[in-house]
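Here's upload-v3.txt, which has compact mmCIF, C-alpha atoms:
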```txt
# COMPACT_ATOMS: atom_id res chain seq x y z
CA MET J 1 83.81 89.50 92.16
CA TYR J 2 85.54 90.58 88.96
CA PHE J 3 84.24 92.06 85.75
CA ALA J 4 86.37 92.31 82.62
CA ALA J 5 85.42 93.68 79.21
CA LEU J 6 86.97 94.90 75.98
CA LEU J 7 85.85 98.04 74.18
CA ALA J 8 87.13 98.27 70.61
CA ARG J 9 86.73 101.52 68.69
CA THR J 10 85.41 101.18 65.16
CA GLU J 11 84.21 103.55 62.42
CA ASP J 12 80.68 103.12 63.76
CA GLY J 13 81.54 103.71 67.44
CA TRP J 14 82.50 101.24 70.15
CA GLU J 15 82.02 97.46 70.18
CA ALA J 16 82.00 95.73 73.54
CA SER J 17 82.74 92.15 74.47
CA ASP J 18 83.15 90.48 77.79
CA THR J 19 86.40 88.70 78.20
CA ASP J 20 87.59 85.67 80.09
CA LEU J 21 90.89 86.28 81.86
CA ASP J 22 91.49 82.66 82.87
CA ASP J 23 94.20 82.18 80.23
CA VAL J 24 95.79 85.60 80.83
CA GLU J 25 98.94 85.38 82.93
CA THR J 26 100.95 88.41 81.82
CA LEU J 27 100.49 91.92 80.52
CA SER J 28 101.66 90.61 77.12
CA ASP J 29 98.82 88.08 77.11
CA LEU J 30 96.34 90.83 77.92
CA THR J 31 97.80 93.12 75.25
CA ASP J 32 97.59 90.33 72.65
CA LEU J 33 93.94 89.74 73.62
CA ALA J 34 93.22 93.44 73.08
CA ARG J 35 95.01 93.51 69.72
CA GLU J 36 92.98 90.52 68.53
CA ALA J 37 89.79 92.53 69.24
CA SER J 38 91.10 95.58 67.41
CA VAL J 39 89.51 96.71 64.17
CA ASP J 40 92.14 98.12 61.78
CA GLU J 41 94.60 98.57 64.68
CA ASP J 42 92.31 101.16 66.28
CA THR J 43 92.09 101.79 70.02
CA VAL J 44 91.04 98.97 72.34
CA LEU J 45 90.33 99.47 76.03
CA VAL J 46 90.43 96.60 78.49
CA PHE J 47 88.46 97.14 81.69
CA ILE J 48 89.06 95.08 84.80
CA GLU J 49 87.12 95.80 87.96
CA GLN J 50 87.12 94.14 91.36
CA GLU J 51 83.91 95.18 93.03
CA ASP J 52 84.40 98.06 95.51
CA ALA J 53 88.18 97.55 95.65
CA TRP J 54 89.88 98.76 92.45
CA PHE J 55 89.58 99.06 88.70
CA GLY J 56 92.09 99.13 85.90
CA VAL J 57 92.06 100.39 82.32
CA ILE J 58 94.54 99.25 79.71
CA ARG J 59 94.66 101.12 76.44
CA VAL J 60 96.18 99.49 73.38
CA ASP J 61 96.65 101.56 70.21
CA GLY J 62 97.91 99.38 67.36
CA GLU J 63 101.44 98.16 68.00
CA GLU J 64 102.26 100.81 70.62
CA ASP J 65 103.05 99.78 74.19
CA PRO J 66 99.95 99.47 76.36
CA ARG J 67 99.04 102.39 78.61
CA ILE J 68 97.80 101.42 82.07
CA TYR J 69 95.83 103.09 84.84
CA VAL J 70 94.99 101.41 88.16
CA SER J 71 92.66 103.18 90.61
CA ASN J 72 94.15 101.68 93.78
CA ALA J 73 97.52 99.99 93.33
CA SER J 74 97.71 98.70 96.90
CA ALA J 75 94.36 96.90 96.58
CA ALA J 76 95.35 95.58 93.14
CA THR J 77 98.49 93.91 94.58
CA ARG J 78 96.19 91.55 96.46
CA SER J 79 94.59 90.40 93.20
CA SER J 80 96.03 88.06 90.59
CA TYR J 81 94.56 90.27 87.86
CA GLY J 82 95.92 93.39 89.53
CA GLU J 83 99.39 91.90 89.62
CA ILE J 84 99.25 91.53 85.83
CA LEU J 85 98.79 95.31 85.50
CA LEU J 86 101.32 96.35 88.14
CA THR J 87 104.44 95.93 86.05
CA ASP J 88 107.95 96.73 87.28
CA GLU J 89 107.96 99.81 85.05
CA LEU J 90 104.64 101.06 86.47
CA LEU J 91 105.87 100.52 90.03
CA GLY J 92 109.24 102.15 89.30
CA ARG J 93 111.19 98.97 90.06
CA GLU J 94 114.18 97.59 88.24
CA PRO J 95 112.88 94.97 85.74
CA GLY J 96 113.39 91.45 87.05
CA ALA J 97 114.05 92.62 90.62
CA GLU J 98 111.51 90.16 92.03
CA ASP J 99 113.12 87.29 90.10
CA SER J 100 116.54 88.17 91.54
CA ILE J 101 115.15 88.31 95.07
CA ALA J 102 113.39 84.96 94.63
CA ALA J 103 116.60 83.36 93.33
CA LEU J 104 118.57 84.68 96.31
CA GLU J 105 115.91 83.42 98.73
CA GLU J 106 116.27 79.95 97.23
CA LEU J 107 120.01 79.99 97.87
CA VAL J 108 119.72 81.21 101.43
CA GLY J 109 117.48 79.39 103.91
CA LEU J 110 115.11 81.23 106.20
CA ASP J 111 117.67 80.92 109.02
CA GLY J 112 120.27 82.81 106.97
CA THR J 113 122.50 79.85 106.16
CA GLU J 114 123.31 78.69 102.67
CA GLU J 115 122.14 75.28 101.53
CA GLY J 116 124.30 72.51 102.96
CA GLU J 117 125.70 74.61 105.83
CA PRO J 118 124.85 73.46 109.36
CA ASP J 119 122.48 75.62 111.37
CA ASN J 120 124.48 76.69 114.44
CA ALA J 121 121.98 79.32 115.58
CA PRO J 122 120.57 78.86 119.08
CA ASP J 123 116.95 77.81 119.16
CA ASN J 124 115.49 80.29 121.63
CA ASP J 125 112.90 83.04 121.91
CA HIS J 126 115.45 85.75 121.03
CA ALA J 127 116.10 84.14 117.64
CA ASP J 128 112.35 83.81 117.03
CA HIS J 129 111.88 87.49 117.91
CA ALA J 130 114.62 88.47 115.44
CA ASN J 131 112.93 86.39 112.73
CA ASP J 132 109.62 88.15 113.44
CA HIS J 133 111.30 91.49 112.72
CA ALA J 134 112.87 90.09 109.54
CA ASN J 135 109.41 89.04 108.36
CA ASP J 136 108.10 92.54 109.15
CA ASP J 137 110.64 93.92 106.67
CA ASP J 138 109.20 91.66 103.95
CA ASP J 139 105.75 93.20 104.50
CA ASP J 140 107.17 96.69 103.96
CA GLY J 141 107.53 95.89 100.26
CA LEU J 142 103.74 95.87 99.94
CA ASP J 143 103.55 99.23 101.71
CA ALA J 144 105.79 100.70 99.00
CA VAL J 145 102.90 100.35 96.54
CA PRO J 146 100.67 103.44 96.72
CA ALA J 147 97.19 103.06 98.19
CA GLY J 148 95.87 105.35 95.47
CA PRO J 149 95.96 105.67 91.70
CA LEU J 150 98.95 104.63 89.66
CA GLY J 151 99.74 104.84 85.98
CA ASP J 152 98.81 106.99 83.00
CA THR J 153 96.05 109.31 84.23
CA GLY J 154 95.73 110.87 80.77
CA LEU J 155 95.06 107.65 78.85
CA LEU J 156 91.39 108.58 78.26
CA SER J 157 91.73 112.37 77.91
CA ASP J 158 91.52 112.39 74.12
CA LEU J 159 88.48 110.09 74.31
CA GLY J 160 86.41 112.46 76.47
CA LEU J 161 87.43 111.70 80.06
CA PRO J 162 89.89 114.25 81.50
CA GLU J 163 92.53 113.24 84.04
CA ALA J 164 90.79 115.02 86.93
CA GLU J 165 87.55 113.10 86.33
CA LEU J 166 89.35 109.76 86.03
CA LEU J 167 91.05 110.37 89.38
CA MET J 168 87.67 111.08 91.03
CA LEU J 169 86.09 107.76 90.01
CA ARG J 170 85.49 105.14 92.71
CA THR J 171 82.54 102.73 92.49
CA ASP J 172 80.79 102.00 89.19
CA ALA J 173 83.80 103.59 87.52
CA LEU J 174 83.56 101.51 84.36
CA VAL J 175 79.97 102.64 83.79
CA GLU J 176 81.03 106.27 84.16
CA ILE J 177 84.01 105.80 81.85
CA ALA J 178 81.86 104.11 79.20
CA ASP J 179 79.30 106.91 79.54
CA ALA J 180 82.01 109.55 78.94
CA LEU J 181 83.17 107.62 75.86
CA GLY J 182 79.64 107.29 74.51
CA ALA J 183 79.79 103.52 74.95
CA ALA J 184 77.52 102.98 77.98
CA GLU J 185 74.88 101.05 76.05
CA VAL J 186 77.31 98.65 74.38
CA LEU J 187 79.12 98.02 77.67
CA GLU J 188 75.81 97.33 79.39
CA THR J 189 75.08 94.56 76.87
CA VAL J 190 78.07 92.55 78.15
CA ARG J 191 77.75 93.40 81.82
```

For the structure just supplied, provide its representation as structure tokens.
Amino acid sequence: MYFAALLARTEDGWEASDTDLDDVETLSDLTDLAREASVDEDTVLVFIEQEDAWFGVIRVDGEEDPRIYVSNASAATRSSYGEILLTDELLGREPGAEDSIAALEELVGLDGTEEGEPDNAPDNDHADHANDHANDDDDDGLDAVPAGPLGDTGLLSDLGLPEAELLMLRTDALVEIADALGAAEVLETVR
């Protein structure tokens, strides 16, 4: 089960609104959604939480690039919303690397031959065993994503939640974050 909300800072404090992520496919979409909720280009926080698995906070300040924190990157990779937050830059990958890999996989069949070439490989258990090991290598890409926190651990420091406290949060994290920001009551109204 997911929960997503926006907290927009105003002169009078924080305003909260729940948000529907059905139309959000990219980090740009999510950033645009946050900017639309902004009052006078002030700070907007987007909270996304998958119950007992991970949470993410995206901070958007005016036209600056979004700052992102994900509590458990490995768990987030198994979520469509988590994948939105886990950008190439955040993961330390070359931008577009996945697109290049996908394009190469289209050109080369699973048996290692290019399209249109005959498959001369013997059809035996040894070949199947080799393919099993090749598939194991594909799974290692997921293991490269850390099982712990990833991103900007200081994105809430100036708002009252130091890095060390953010890193300690596990369950009910969004409630604790909102409490530290003085926005617990407004967040509760949309929860």

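Residues in contact with Asp18 (chain J) at up to 10 Å, not including ones fewer than 6 positions away on its chain and judged by all atoms listed in the file, are Phe3, Ala4, Ala5, Leu6, Leu7, Val46, Phe47, Leu187, Thr189, Val190 and Arg191 of chain J.
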
> Got a sec to check which residues sit within 7 Å of (107.4, 98.8, 92.9), counting all atoms listed in the file, and write them as JSON, numbers by chain?
Replying inline: {"J": [88, 91, 92, 93, 144, 145]}

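Counting from CA of Glu165 (chain J), the distance to CA of Ile58 (chain J) is 16.9 Å.
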
>> Counting all atoms listed in the file, find residues at most 12 Å from (87.6, 95.6, 90.5) (file frame) and give them as a PyMOL selection string.
In response: chain J and resi 1-5+47-57+70-73+75-82+170-174

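Distances from J:Glu94, J:Glu15, J:Glu63, J:Glu176 to Ala37 (chain J) were compared using only C-alpha atoms, and the smallest one belongs to J:Glu15.
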
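You will find CA of Pro149 (chain J) at 26.1 Å from CA of Asp42 (chain J).
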
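For the set J:Ser74, J:Thr26, J:Thr10, J:Thr153, the residue with the smallest atom-to-atom gap to Glu41 (chain J) is J:Thr10, counting all atoms listed in the file.
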
> With only C-alpha atoms as the atoms that count, which of J:Glu185, J:Asp12, J:Glu25, J:Glu64 lies nearest to Val39 (chain J)?
Replying inline: J:Asp12

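Going from CA of Leu45 (chain J) to CA of Gly151 (chain J) covers 14.7 Å.
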
>> Between J:Ser157, J:Thr87, J:Thr43, J:Ser28, which residue has the minimum interatomic distance to Ala8 (chain J), considering only C-alpha atoms?
In response: J:Thr43

> Looking at only C-alpha atoms, which of J:Ile177, J:Val60, J:Ala16, J:Leu85 is the one that sits closest to Leu33 (chain J)?
Replying inline: J:Val60
